[in-house]
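Listing of coords.tsv, TSV, C-alpha atoms and all ligand atoms
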chain	number	residue	atom	x	y	z
A	638	MET	CA	42.57	-18.38	47.01
A	639	GLU	CA	39.02	-17.78	48.13
A	640	LEU	CA	37.51	-19.04	51.34
A	641	GLN	CA	33.85	-20.02	50.96
A	642	SER	CA	31.28	-20.84	53.62
A	643	ASN	CA	28.58	-23.54	53.57
A	644	PHE	CA	30.02	-24.91	50.36
A	645	SER	CA	28.33	-27.85	48.60
A	646	LEU	CA	30.67	-30.84	48.14
A	647	LYS	CA	28.35	-32.62	45.67
A	648	ASN	CA	30.77	-32.06	42.78
A	649	PHE	CA	33.79	-32.91	44.91
A	650	ASN	CA	32.93	-36.52	45.78
A	651	THR	CA	32.49	-39.23	43.15
A	652	PHE	CA	29.47	-40.68	44.99
A	653	GLY	CA	27.78	-37.36	44.16
A	654	ILE	CA	26.45	-37.02	47.71
A	655	GLU	CA	25.06	-33.69	48.81
A	656	ALA	CA	26.91	-32.52	51.93
A	657	GLN	CA	28.24	-29.14	52.97
A	658	ALA	CA	31.62	-27.95	54.15
A	659	LYS	CA	31.50	-25.33	56.90
A	660	GLN	CA	34.34	-23.63	55.03
A	661	PHE	CA	36.06	-24.57	51.78
A	662	ILE	CA	39.21	-23.47	50.03
A	663	ALA	CA	41.08	-24.80	46.99
A	664	VAL	CA	44.86	-24.38	47.11
A	665	HIS	CA	46.96	-24.21	43.94
A	666	SER	CA	50.49	-24.08	45.33
A	667	VAL	CA	52.43	-25.43	48.28
A	668	SER	CA	53.01	-21.92	49.58
A	669	GLU	CA	49.23	-21.22	49.51
A	670	LEU	CA	48.73	-24.47	51.38
A	671	LYS	CA	51.28	-23.53	54.04
A	672	THR	CA	49.72	-20.08	54.44
A	673	ILE	CA	46.23	-21.50	54.91
A	674	LEU	CA	47.46	-24.06	57.43
A	675	SER	CA	49.40	-21.50	59.47
A	676	GLN	CA	46.58	-18.94	59.41
A	677	ASN	CA	43.99	-21.44	60.60
A	678	LYS	CA	45.90	-23.29	63.29
A	679	MET	CA	42.91	-23.61	65.62
A	680	GLU	CA	40.38	-24.64	62.96
A	681	LYS	CA	39.51	-28.29	62.42
A	682	LYS	CA	40.75	-29.25	58.96
A	683	PHE	CA	39.68	-31.80	56.41
A	684	ILE	CA	41.93	-32.55	53.43
A	685	LEU	CA	40.17	-33.28	50.15
A	686	GLY	CA	41.88	-34.74	47.09
A	687	GLY	CA	39.83	-36.20	44.23
A	688	GLY	CA	36.98	-37.25	46.54
A	689	SER	CA	36.99	-40.70	44.94
A	690	ASN	CA	37.41	-42.81	48.03
A	691	MET	CA	35.02	-41.41	50.57
A	692	LEU	CA	31.41	-41.62	51.61
A	693	LEU	CA	30.05	-38.41	53.11
A	694	THR	CA	27.43	-39.30	55.71
A	695	GLN	CA	27.21	-35.81	57.22
A	696	ASN	CA	28.14	-32.18	56.66
A	697	ILE	CA	31.80	-31.44	57.36
A	698	ASP	CA	32.13	-29.13	60.31
A	699	ALA	CA	35.66	-28.08	59.39
A	700	LEU	CA	37.78	-26.08	56.97
A	701	VAL	CA	37.93	-28.29	53.88
A	702	ILE	CA	41.19	-27.81	51.97
A	703	HIS	CA	41.01	-29.05	48.41
A	704	ILE	CA	44.48	-29.92	47.10
A	705	ASP	CA	44.55	-28.57	43.55
A	706	LEU	CA	48.30	-28.66	42.90
A	707	LYS	CA	49.09	-29.25	39.23
A	708	GLY	CA	52.18	-30.18	37.25
A	709	LYS	CA	54.10	-33.23	36.11
A	710	LYS	CA	57.62	-33.60	34.77
A	711	VAL	CA	60.60	-35.86	34.22
A	712	ILE	CA	63.12	-35.11	36.95
A	713	GLN	CA	65.84	-37.65	36.20
A	714	GLU	CA	66.68	-40.40	33.75
A	715	ASP	CA	69.29	-42.95	32.83
A	716	ASP	CA	69.51	-45.38	29.93
A	717	ASN	CA	66.71	-47.59	31.21
A	718	PHE	CA	64.58	-45.66	33.66
A	719	VAL	CA	62.91	-42.34	34.10
A	720	TRP	CA	61.86	-40.66	37.33
A	721	VAL	CA	58.67	-38.62	36.99
A	722	GLU	CA	57.21	-36.29	39.53
A	723	SER	CA	53.54	-35.41	39.66
A	724	GLN	CA	51.88	-32.84	41.87
A	725	ALA	CA	49.15	-34.20	44.13
A	726	GLY	CA	46.19	-32.58	42.35
A	727	GLU	CA	46.81	-34.16	38.94
A	728	ASN	CA	44.07	-36.54	37.87
A	729	TRP	CA	45.51	-40.06	38.15
A	730	HIS	CA	44.20	-41.42	34.84
A	731	GLU	CA	45.37	-38.37	32.86
A	732	PHE	CA	48.77	-38.78	34.48
A	733	VAL	CA	48.88	-42.48	33.53
A	734	LEU	CA	47.96	-41.65	29.90
A	735	TRP	CA	50.70	-38.99	29.83
A	736	THR	CA	53.31	-41.56	30.94
A	737	ILE	CA	52.08	-44.04	28.32
A	738	ASP	CA	52.17	-41.41	25.55
A	739	GLN	CA	55.85	-40.98	26.29
A	740	ASN	CA	56.41	-44.73	26.34
A	741	PHE	CA	57.14	-44.84	30.08
A	742	GLY	CA	56.10	-48.20	31.54
A	743	GLY	CA	54.81	-49.28	34.93
A	744	LEU	CA	51.43	-47.66	35.47
A	745	GLU	CA	49.49	-48.97	32.45
A	746	ASN	CA	47.60	-51.69	34.39
A	747	MET	CA	46.24	-48.97	36.67
A	748	SER	CA	44.56	-47.00	33.88
A	749	LEU	CA	41.18	-45.42	34.60
A	750	ILE	CA	41.36	-45.64	38.41
A	751	PRO	CA	39.48	-42.58	39.64
A	752	GLY	CA	41.09	-40.01	41.93
A	753	ASN	CA	44.14	-37.78	42.10
A	754	VAL	CA	47.83	-38.66	42.21
A	755	GLY	CA	48.30	-37.35	45.76
A	756	THR	CA	45.97	-39.89	47.30
A	757	THR	CA	47.32	-42.93	45.46
A	758	PRO	CA	49.95	-43.74	48.12
A	759	VAL	CA	47.43	-43.48	50.96
A	760	GLN	CA	45.72	-46.70	50.03
A	761	ASN	CA	48.38	-48.07	47.67
A	762	ILE	CA	45.91	-48.21	44.79
A	763	GLY	CA	46.08	-51.23	42.56
A	764	ALA	CA	44.42	-53.11	39.76
A	765	TYR	CA	45.06	-55.98	37.36
A	766	GLY	CA	48.17	-57.30	39.06
A	767	ALA	CA	49.87	-53.93	39.72
A	768	GLU	CA	50.03	-51.64	42.72
A	769	ILE	CA	51.55	-48.19	42.92
A	770	LYS	CA	54.12	-49.46	45.40
A	771	ASP	CA	55.75	-51.27	42.43
A	772	SER	CA	56.70	-47.94	40.79
A	773	PHE	CA	56.67	-45.59	43.77
A	774	VAL	CA	59.96	-43.94	44.80
A	775	SER	CA	58.94	-41.28	47.33
A	776	CYS	CA	56.43	-38.59	48.08
A	777	GLU	CA	56.69	-35.15	49.59
A	778	ALA	CA	54.27	-34.09	52.29
A	779	ILE	CA	53.53	-31.13	54.53
A	780	ASN	CA	53.11	-31.59	58.24
A	781	ILE	CA	49.70	-30.06	59.07
A	782	GLU	CA	50.78	-29.03	62.57
A	783	ASN	CA	54.04	-27.15	61.78
A	784	GLN	CA	53.97	-26.86	57.94
A	785	GLU	CA	57.37	-28.51	57.58
A	786	ASN	CA	58.16	-30.55	54.47
A	787	ARG	CA	58.89	-34.22	54.82
A	788	ILE	CA	59.93	-36.80	52.24
A	789	PHE	CA	58.59	-40.31	52.70
A	790	ILE	CA	60.66	-42.89	50.84
A	791	LYS	CA	59.05	-46.15	49.78
A	792	ASP	CA	60.19	-48.27	52.75
A	793	GLU	CA	58.83	-45.74	55.22
A	794	CYS	CA	55.38	-45.89	53.62
A	795	ARG	CA	54.83	-49.52	54.72
A	796	PHE	CA	52.66	-50.35	51.76
A	797	GLY	CA	50.33	-53.31	52.00
A	798	TYR	CA	47.10	-54.36	50.28
A	799	ARG	CA	45.19	-51.04	50.19
A	800	GLU	CA	47.30	-49.98	53.18
A	801	SER	CA	50.09	-47.56	54.06
A	802	ILE	CA	51.51	-45.52	56.92
A	803	PHE	CA	49.18	-42.69	55.84
A	804	LYS	CA	46.16	-44.75	56.94
A	805	ASN	CA	47.86	-45.78	60.16
A	806	ASP	CA	50.77	-44.23	62.14
A	807	VAL	CA	50.66	-40.77	60.52
A	808	LYS	CA	46.95	-40.69	59.69
A	809	ASP	CA	45.63	-37.11	59.36
A	810	GLN	CA	49.06	-35.63	60.13
A	811	PHE	CA	50.42	-34.98	56.63
A	812	ILE	CA	49.24	-33.67	53.29
A	813	ILE	CA	50.92	-35.33	50.33
A	814	THR	CA	51.87	-32.64	47.82
A	815	SER	CA	53.79	-34.59	45.15
A	816	VAL	CA	54.79	-38.14	44.26
A	817	ILE	CA	57.82	-39.53	42.36
A	818	PHE	CA	57.54	-42.73	40.31
A	819	LYS	CA	60.34	-44.71	38.63
A	820	LEU	CA	59.20	-45.98	35.25
A	821	THR	CA	60.82	-48.02	32.50
A	822	LYS	CA	62.00	-46.43	29.22
A	823	ASN	CA	62.62	-49.74	27.52
A	824	ASN	CA	62.33	-53.47	28.33
A	825	HIS	CA	58.92	-52.76	29.79
A	826	LYS	CA	57.64	-55.41	32.18
A	827	ILE	CA	54.34	-55.98	30.46
A	828	ASN	CA	52.08	-57.82	32.90
A	829	THR	CA	49.04	-59.40	31.32
A	830	SER	CA	48.88	-62.42	33.60
A	831	TYR	CA	45.68	-61.14	35.17
A	832	GLY	CA	43.05	-63.31	33.45
A	833	ASP	CA	40.81	-60.64	31.96
A	834	ILE	CA	43.64	-58.73	30.26
A	835	THR	CA	44.82	-61.74	28.26
A	836	THR	CA	41.24	-62.48	27.18
A	837	GLU	CA	40.64	-58.85	26.19
A	838	LEU	CA	43.88	-58.70	24.15
A	839	ALA	CA	43.11	-62.04	22.50
A	840	LYS	CA	39.81	-60.58	21.26
A	841	HIS	CA	41.91	-58.17	19.20
A	842	ASN	CA	44.54	-60.78	18.27
A	843	ILE	CA	47.25	-58.92	20.16
A	844	ILE	CA	50.13	-61.14	21.26
A	845	ASN	CA	52.94	-58.76	22.19
A	846	PRO	CA	51.05	-55.76	23.52
A	847	SER	CA	52.47	-52.27	23.80
A	848	LEU	CA	51.91	-50.16	26.92
A	849	LYS	CA	49.10	-48.40	25.08
A	850	GLU	CA	47.45	-51.70	24.13
A	851	VAL	CA	47.57	-52.94	27.74
A	852	SER	CA	46.10	-49.64	28.91
A	853	THR	CA	43.35	-49.80	26.28
A	854	ALA	CA	42.51	-53.38	27.33
A	855	VAL	CA	42.34	-52.36	31.00
A	856	ILE	CA	40.12	-49.40	30.13
A	857	ALA	CA	37.76	-51.69	28.18
A	858	ILE	CA	37.56	-54.19	31.07
A	859	ARG	CA	36.98	-51.49	33.66
A	860	LYS	CA	34.32	-49.83	31.52
A	861	SER	CA	32.50	-53.14	31.13
A	862	LYS	CA	32.42	-53.80	34.89
A	863	LEU	CA	32.74	-50.52	36.73
A	864	PRO	CA	30.33	-47.61	36.46
A	865	ASN	CA	31.66	-44.22	35.38
A	866	PRO	CA	31.28	-41.91	38.40
A	867	LYS	CA	30.26	-39.09	36.06
A	868	GLU	CA	27.23	-41.14	35.03
A	869	LEU	CA	26.49	-43.08	38.21
A	870	GLY	CA	27.86	-41.97	41.58
A	871	ASN	CA	30.23	-44.51	43.11
A	872	SER	CA	33.56	-44.88	44.82
A	873	GLY	CA	35.03	-47.95	43.12
A	874	SER	CA	35.31	-50.99	45.37
A	875	PHE	CA	33.43	-50.12	48.52
A	876	PHE	CA	34.91	-53.11	50.40
A	877	LYS	CA	38.35	-54.65	50.64
A	878	ASN	CA	38.73	-58.28	49.73
A	879	PRO	CA	38.98	-59.98	53.14
A	880	ILE	CA	42.14	-61.77	54.15
A	881	VAL	CA	41.43	-64.92	56.14
A	882	SER	CA	43.86	-67.27	57.88
A	883	LYS	CA	44.03	-70.73	56.31
A	884	LYS	CA	43.05	-72.21	59.66
A	885	GLU	CA	39.81	-70.22	59.73
A	886	PHE	CA	39.24	-70.71	56.02
A	887	ALA	CA	39.38	-74.54	56.02
A	888	PRO	CA	35.96	-75.14	57.67
A	889	ILE	CA	34.39	-72.27	55.64
A	890	HIS	CA	35.69	-73.76	52.40
A	891	ALA	CA	34.44	-77.20	53.42
A	892	LYS	CA	30.95	-75.72	53.83
A	893	PHE	CA	31.14	-73.61	50.63
A	894	PRO	CA	33.36	-75.57	48.23
A	895	ASP	CA	32.66	-73.17	45.32
A	896	MET	CA	34.02	-70.17	47.22
A	897	LYS	CA	36.77	-68.43	45.25
A	898	PHE	CA	40.05	-67.66	47.01
A	899	TYR	CA	43.67	-66.79	46.29
A	900	ASP	CA	46.70	-67.91	48.29
A	901	ILE	CA	48.52	-64.80	49.42
A	902	SER	CA	50.97	-66.27	51.92
A	903	GLU	CA	51.82	-69.56	53.64
A	904	THR	CA	49.12	-68.88	56.20
A	905	GLU	CA	46.52	-66.65	54.53
A	906	VAL	CA	44.06	-66.53	51.66
A	907	LYS	CA	42.23	-63.60	50.10
A	908	VAL	CA	38.55	-64.10	49.29
A	909	PRO	CA	36.89	-61.90	46.62
A	910	ALA	CA	34.26	-59.90	48.50
A	911	GLY	CA	32.46	-59.42	45.16
A	912	TRP	CA	31.82	-63.18	45.04
A	913	LEU	CA	30.51	-63.24	48.62
A	914	ILE	CA	28.21	-60.28	47.99
A	915	GLU	CA	26.90	-61.76	44.75
A	916	GLN	CA	26.25	-65.14	46.38
A	917	ALA	CA	24.42	-63.39	49.22
A	918	GLY	CA	22.02	-62.01	46.59
A	919	PHE	CA	22.93	-58.32	46.71
A	920	LYS	CA	24.32	-57.85	43.21
A	921	GLY	CA	22.18	-55.39	41.25
A	922	LYS	CA	19.83	-54.79	44.22
A	923	ARG	CA	18.45	-51.31	44.68
A	924	PHE	CA	17.19	-49.75	47.91
A	925	GLY	CA	15.68	-46.38	47.01
A	926	ASP	CA	18.48	-44.47	45.32
A	927	ALA	CA	21.24	-46.55	46.94
A	928	GLY	CA	22.29	-49.84	45.43
A	929	VAL	CA	24.80	-52.51	44.49
A	930	HIS	CA	26.14	-52.31	40.95
A	931	LYS	CA	24.79	-54.86	38.49
A	932	ASN	CA	28.18	-55.81	37.00
A	933	GLN	CA	30.46	-55.65	40.05
A	934	ALA	CA	29.05	-56.43	43.47
A	935	LEU	CA	31.95	-54.69	45.26
A	936	VAL	CA	30.72	-51.32	44.03
A	937	LEU	CA	27.92	-49.44	45.79
A	938	VAL	CA	26.17	-46.79	43.72
A	939	ASN	CA	24.11	-43.66	44.12
A	940	TYR	CA	21.30	-43.62	41.54
A	941	GLY	CA	20.66	-39.93	42.15
A	942	THR	CA	19.69	-38.54	45.48
A	943	ALA	CA	20.84	-41.20	47.94
A	944	THR	CA	22.25	-39.81	51.17
A	945	GLY	CA	25.52	-41.04	52.62
A	946	GLN	CA	23.53	-42.54	55.52
A	947	GLU	CA	21.42	-44.57	53.08
A	948	ILE	CA	24.49	-45.96	51.32
A	949	LEU	CA	26.10	-46.67	54.69
A	950	ALA	CA	22.97	-48.59	55.76
A	951	VAL	CA	23.20	-50.79	52.62
A	952	SER	CA	26.89	-51.42	53.33
A	953	LYS	CA	26.11	-52.48	56.92
A	954	ASP	CA	23.34	-54.78	55.76
A	955	ILE	CA	25.81	-56.42	53.34
A	956	GLN	CA	28.50	-56.77	56.04
A	957	GLN	CA	26.08	-58.38	58.50
A	958	THR	CA	24.63	-60.76	55.93
A	959	ILE	CA	28.11	-61.87	54.79
A	960	LEU	CA	29.17	-62.45	58.39
A	961	LYS	CA	26.03	-64.44	59.14
A	962	THR	CA	26.11	-66.47	55.92
A	963	PHE	CA	29.82	-67.18	55.53
A	964	GLY	CA	31.40	-66.28	58.89
A	965	ILE	CA	33.64	-63.76	57.08
A	966	ARG	CA	33.98	-60.13	58.11
A	967	ILE	CA	34.34	-57.65	55.24
A	968	GLU	CA	35.65	-54.15	55.83
A	969	ALA	CA	34.92	-50.93	53.97
A	970	GLU	CA	37.73	-49.73	51.71
A	971	VAL	CA	36.34	-46.22	51.37
A	972	ASN	CA	36.64	-43.70	54.17
A	973	VAL	CA	33.29	-43.20	55.82
A	974	ILE	CA	33.10	-39.58	56.97
A	1001	LIG	N1	33.35	-61.59	41.59
A	1001	LIG	C1	32.07	-62.07	41.63
A	1001	LIG	N2	31.04	-61.18	41.57
A	1001	LIG	C2	31.24	-59.86	41.44
A	1001	LIG	C3	32.55	-59.37	41.39
A	1001	LIG	C4	33.60	-60.25	41.47
A	1001	LIG	O1	31.85	-63.28	41.75
A	1001	LIG	O2	30.24	-59.13	41.36
A	1001	LIG	C5	34.46	-62.55	41.58
A	1001	LIG	C6	35.00	-62.69	40.16
A	1001	LIG	O3	34.38	-63.71	39.48
A	1001	LIG	C7	36.45	-62.99	40.38
A	1001	LIG	C8	36.76	-62.35	41.69
A	1001	LIG	O4	35.54	-62.04	42.33
A	1001	LIG	O5	36.66	-64.36	40.51
A	1001	LIG	C9	37.63	-61.13	41.54
A	1001	LIG	O6	36.95	-60.15	40.74
A	1001	LIG	P1	37.73	-58.99	39.95
A	1001	LIG	O7	38.86	-59.57	39.22
A	1001	LIG	O8	36.72	-58.20	39.22
A	1001	LIG	O9	38.39	-58.14	41.08
A	1001	LIG	P2	37.90	-57.69	42.50
A	1001	LIG	O10	38.60	-58.48	43.53
A	1001	LIG	O11	36.43	-57.71	42.53
A	1001	LIG	C10	39.84	-55.93	42.72
A	1001	LIG	C11	40.02	-54.49	43.16
A	1001	LIG	C12	39.56	-53.53	42.07
A	1001	LIG	C13	40.37	-53.80	40.82
A	1001	LIG	C14	40.18	-55.28	40.43
A	1001	LIG	C15	41.03	-55.68	39.26
A	1001	LIG	C16	39.81	-54.55	45.57
A	1001	LIG	C17	38.97	-54.18	46.75
A	1001	LIG	N3	39.28	-54.26	44.38
A	1001	LIG	O12	38.44	-56.16	42.55
A	1001	LIG	O13	39.84	-52.20	42.52
A	1001	LIG	O14	39.98	-52.95	39.76
A	1001	LIG	O15	40.57	-56.14	41.53
A	1001	LIG	O16	42.36	-55.80	39.64
A	1001	LIG	O17	40.90	-55.08	45.75
A	1001	LIG	C18	38.98	-50.27	43.61
A	1001	LIG	O18	39.82	-50.49	44.49
A	1001	LIG	O19	38.19	-49.29	43.65
A	1001	LIG	C19	38.87	-51.22	42.49
A	1001	LIG	C20	37.93	-51.11	41.57

Show me this structure written as structure tokens.
Amino acid sequence: MELQSNFSLKNFNTFGIEAQAKQFIAVHSVSELKTILSQNKMEKKFILGGGSNMLLTQNIDALVIHIDLKGKKVIQEDDNFVWVESQAGENWHEFVLWTIDQNFGGLENMSLIPGNVGTTPVQNIGAYGAEIKDSFVSCEAINIENQENRIFIKDECRFGYRESIFKNDVKDQFIITSVIFKLTKNNHKINTSYGDITTELAKHNIINPSLKEVSTAVIAIRKSKLPNPKELGNSGSFFKNPIVSKKEFAPIHAKFPDMKFYDISETEVKVPAGWLIEQAGFKGKRFGDAGVHKNQALVLVNYGTATGQEILAVSKDIQQTILKTFGIRIEAEVNVI
């Protein structure tokens, strides 16, 4: 464990933004984490996982603790299911591939999502018809204030669309150190109902796909639409898809009959923000080194040396234009720091 001062976070955020941490330390075990927390009680702290869901708009005037806890294993199984535990610092996609290699089902639709396992519950990551709440059992976390362990079982996490208790009631109070998932060993619930997956599998004449084939299809779709953060700085979807009440939506839909939407409850619809942003003319637009990706309008990108402030300015311009044009408010999904 080595404490460093004025540490560049450029390689620790997938936007590739240059910003400095006043102090930085990477922890490799829970006991190291507890020691650091107890020794620095008065310091302001900032917890950093994979850095894949944040936009740094300033230097971080705090002790940045990078959670680098590694390890994954089967902890329990019966005839049909297996319980796997992953430490928070494991790369999510490598973890997903590891489960697939062992023929454990449940996470395959979420292949290639950037970030680390420990942050997946925070925003209940999801893609192609699956969310981690579908396989999540519990997670273990450390209370930052008193270093006590706490287990959060699924019901306590109050998962919603890109939402959980960790973004709300207990925000900034806990550090997730490991997560347990319950996966299938047989009778996998293959879910290819999400339009693009079926089309991608059909291209290869696959009718009854294996977990690996679903994962490969998802990887191909994501690669065709979403930029690789190693090549082009980005943070996945920058915005959430807005949820609008049917009452509010009716007059909007009457004015814009082509607007896409999905029923999500008796009273609400979800509108794809990507569609709104594209219609508003932002797709593929570049403002200096900040821009909107050419294949997926929900993704903001850093072409090289954009600052967090510049990307934030583009995001605000988009939000205001969407509100003015469609009367719909879109919210950032990434954490703006
Ligand atoms: N659309 C456009 N233009 C665009 C992008 C999308 O018109 O530039 C339209 C599409 O035509 C489609 C609809 O929007 O009708 C939905 O698009 P897509 O299926 O690509 O999904 P999304 O709503 O844009 C969400 C997640 C992604 C996830 C995909 C696939 C959110 C905020 N984003 O995107 O998650 O990969 O579904 O399930 O819910 C992420 O969170 O970082 C992320 C990439």

Query raised in the report: For Asn677 of chain A, which residue among A:Ala725, A:Leu937, A:Val701, A:Val906 is the nearest when counting only C-alpha atoms?
Result: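 Answer, going by the shortest atom-to-atom distance: A:Val701.
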
Report task. Residues within 8 Å of ligand LIG 1001 (chain A) should be enumerated using only C-alpha atoms and all ligand atoms and returned as a PyMOL selection string. Result -> chain A and resi 690+750-751+762-767+798-799+831+833+859+862-863+872-878+897+908-916+920+930-936+970

Query raised in the report: So which one's closest to Met679 of chain A, A:Ile781, A:Leu838, A:Val951, A:Val973? Using all atoms listed in the file, please.
Result: A:Ile781

Report task. One decimal, Å: what's the distance from atom CA of Gly742 of chain A over to atom CA of Lys822 of chain A, could you say? Result -> 6.6 Å

**Report entry** Which residue of A:Gln784, A:Thr942, A:Asn761, A:Asn746 approaches Thr829 of chain A most closely, using all atoms listed in the file
**Finding:**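 Going through A:Gln784, A:Thr942, A:Asn761, A:Asn746 one by one, the smallest distance to Thr829 of chain A is for A:Asn746.
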
Could you write out as AutoDock Vina command-line options the box around segment 658-672 of chain A (axis-aligned, all atoms listed in the file, 6 Å on each side), with centre and edge lengths in Å to one decimal?
--center_x 42.3 --center_y -24.0 --center_z 50.4 --size_x 33.5 --size_y 19.9 --size_z 25.0

When you look at Glu782 of chain A with a cut-off of 9 Å (counting all atoms listed in the file), what residues show up, excluding the ones that are within fewer than 5 positions of it in the same chain? I need them as a PDB file with C-alpha atoms, in the frame of the given file.
ATOM      1  CA  LEU A 674      47.460 -24.060  57.430  1.00  0.00           C
ATOM      2  CA  SER A 675      49.400 -21.500  59.470  1.00  0.00           C
ATOM      3  CA  LYS A 678      45.900 -23.290  63.290  1.00  0.00           C
ATOM      4  CA  GLN A 810      49.060 -35.630  60.130  1.00  0.00           C
ATOM      5  CA  PHE A 811      50.420 -34.980  56.630  1.00  0.00           C
TER       6      PHE A 811
END

Query raised in the report: What is the distance, in Å and to one decimal place, between atom CA of Asn786 of chain A and atom CA of Ser668 of chain A?
Result: 11.2 Å

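Picture a line from atom CA of Asn783 of chain A to atom CA of Asn972 of chain A; it runs 25.2 Å.
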
Query raised in the report: Excluding same-chain residues fewer than 4 positions from Lys867 of chain A, what lies within 10 Å of it counting all atoms listed in the file, as a PyMOL selection string?
Result: chain A and resi 648+651-653+871

Please produce a file of those selected residues containing C-alpha atoms, as a PDB file, keeping the file's coordinate frame.
ATOM      1  CA  ASN A 648      30.770 -32.060  42.780  1.00  0.00           C
ATOM      2  CA  THR A 651      32.490 -39.230  43.150  1.00  0.00           C
ATOM      3  CA  PHE A 652      29.470 -40.680  44.990  1.00  0.00           C
ATOM      4  CA  GLY A 653      27.780 -37.360  44.160  1.00  0.00           C
ATOM      5  CA  ASN A 871      30.230 -44.510  43.110  1.00  0.00           C
TER       6      ASN A 871
END

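The residue set within 10 Å of Phe924 of chain A, counting all atoms listed in the file and dropping same-chain residues fewer than 4 places from it, reads Gly928, Val929, Asn939, Tyr940, Ala943, Glu947, Ile948, Ala950 and Val951 of chain A.
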
**Report entry** Test item: which residues lie within 8 Å of (36.5, -33.3, 45.2) counting all atoms listed in the file, as a PyMOL selection string
**Finding:** chain A and resi 646+648-651+685-689+703

Report task. List the neighbours of Ile769 of chain A out to 10 Å using all atoms listed in the file; skip same-chain residues closer than 6 positions along the sequence, and give me the result as a ChimeraX atom specification. Result -> /A:743-744,747,757-758,760-763,796,818

**Report entry** A:Thr814, A:Ile889, A:Pro846, A:Gln946 ranked by distance to Lys961 of chain A, top pick (using only C-alpha atoms)
**Finding:** A:Ile889

**Report entry** Spatial neighbours of Asn643 of chain A, max dist 8 Å, all atoms listed in the file, sep filter under 4 positions, as JSON, numbers by chain
**Finding:** {"A": [657, 658, 659, 660, 661]}

**Report entry** Proximity to Ile967 of chain A - best of A:Ile955, A:Leu693, A:Ala854, A:Ile737, all atoms listed in the file
**Finding:**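 Among the listed residues, the smallest separation from Ile967 of chain A belongs to A:Ile955.
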
Query raised in the report: From the set A:Lys849, A:Arg923, A:Val855, A:Phe963, which residue has the shortest atom-to-atom contact distance to Thr835 of chain A, counting only C-alpha atoms?
Result: A:Val855

Taking (39.1, -68.8, 54.4) in the file's own coordinates, collect the residues within 8 Å, counting all atoms listed in the file, and hand them back as a PDB file with C-alpha atoms, in the frame of the given file.
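And here is the file that came out, point_36.pdb:
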ATOM      1  CA  ILE A 880      42.140 -61.770  54.150  1.00  0.00           C
ATOM      2  CA  VAL A 881      41.430 -64.920  56.140  1.00  0.00           C
ATOM      3  CA  SER A 882      43.860 -67.270  57.880  1.00  0.00           C
ATOM      4  CA  LYS A 883      44.030 -70.730  56.310  1.00  0.00           C
ATOM      5  CA  LYS A 884      43.050 -72.210  59.660  1.00  0.00           C
ATOM      6  CA  GLU A 885      39.810 -70.220  59.730  1.00  0.00           C
ATOM      7  CA  PHE A 886      39.240 -70.710  56.020  1.00  0.00           C
ATOM      8  CA  ALA A 887      39.380 -74.540  56.020  1.00  0.00           C
ATOM      9  CA  PRO A 888      35.960 -75.140  57.670  1.00  0.00           C
ATOM     10  CA  ILE A 889      34.390 -72.270  55.640  1.00  0.00           C
ATOM     11  CA  HIS A 890      35.690 -73.760  52.400  1.00  0.00           C
ATOM     12  CA  PHE A 898      40.050 -67.660  47.010  1.00  0.00           C
ATOM     13  CA  GLU A 905      46.520 -66.650  54.530  1.00  0.00           C
ATOM     14  CA  VAL A 906      44.060 -66.530  51.660  1.00  0.00           C
ATOM     15  CA  LYS A 907      42.230 -63.600  50.100  1.00  0.00           C
ATOM     16  CA  VAL A 908      38.550 -64.100  49.290  1.00  0.00           C
ATOM     17  CA  ILE A 965      33.640 -63.760  57.080  1.00  0.00           C
TER      18      ILE A 965
END
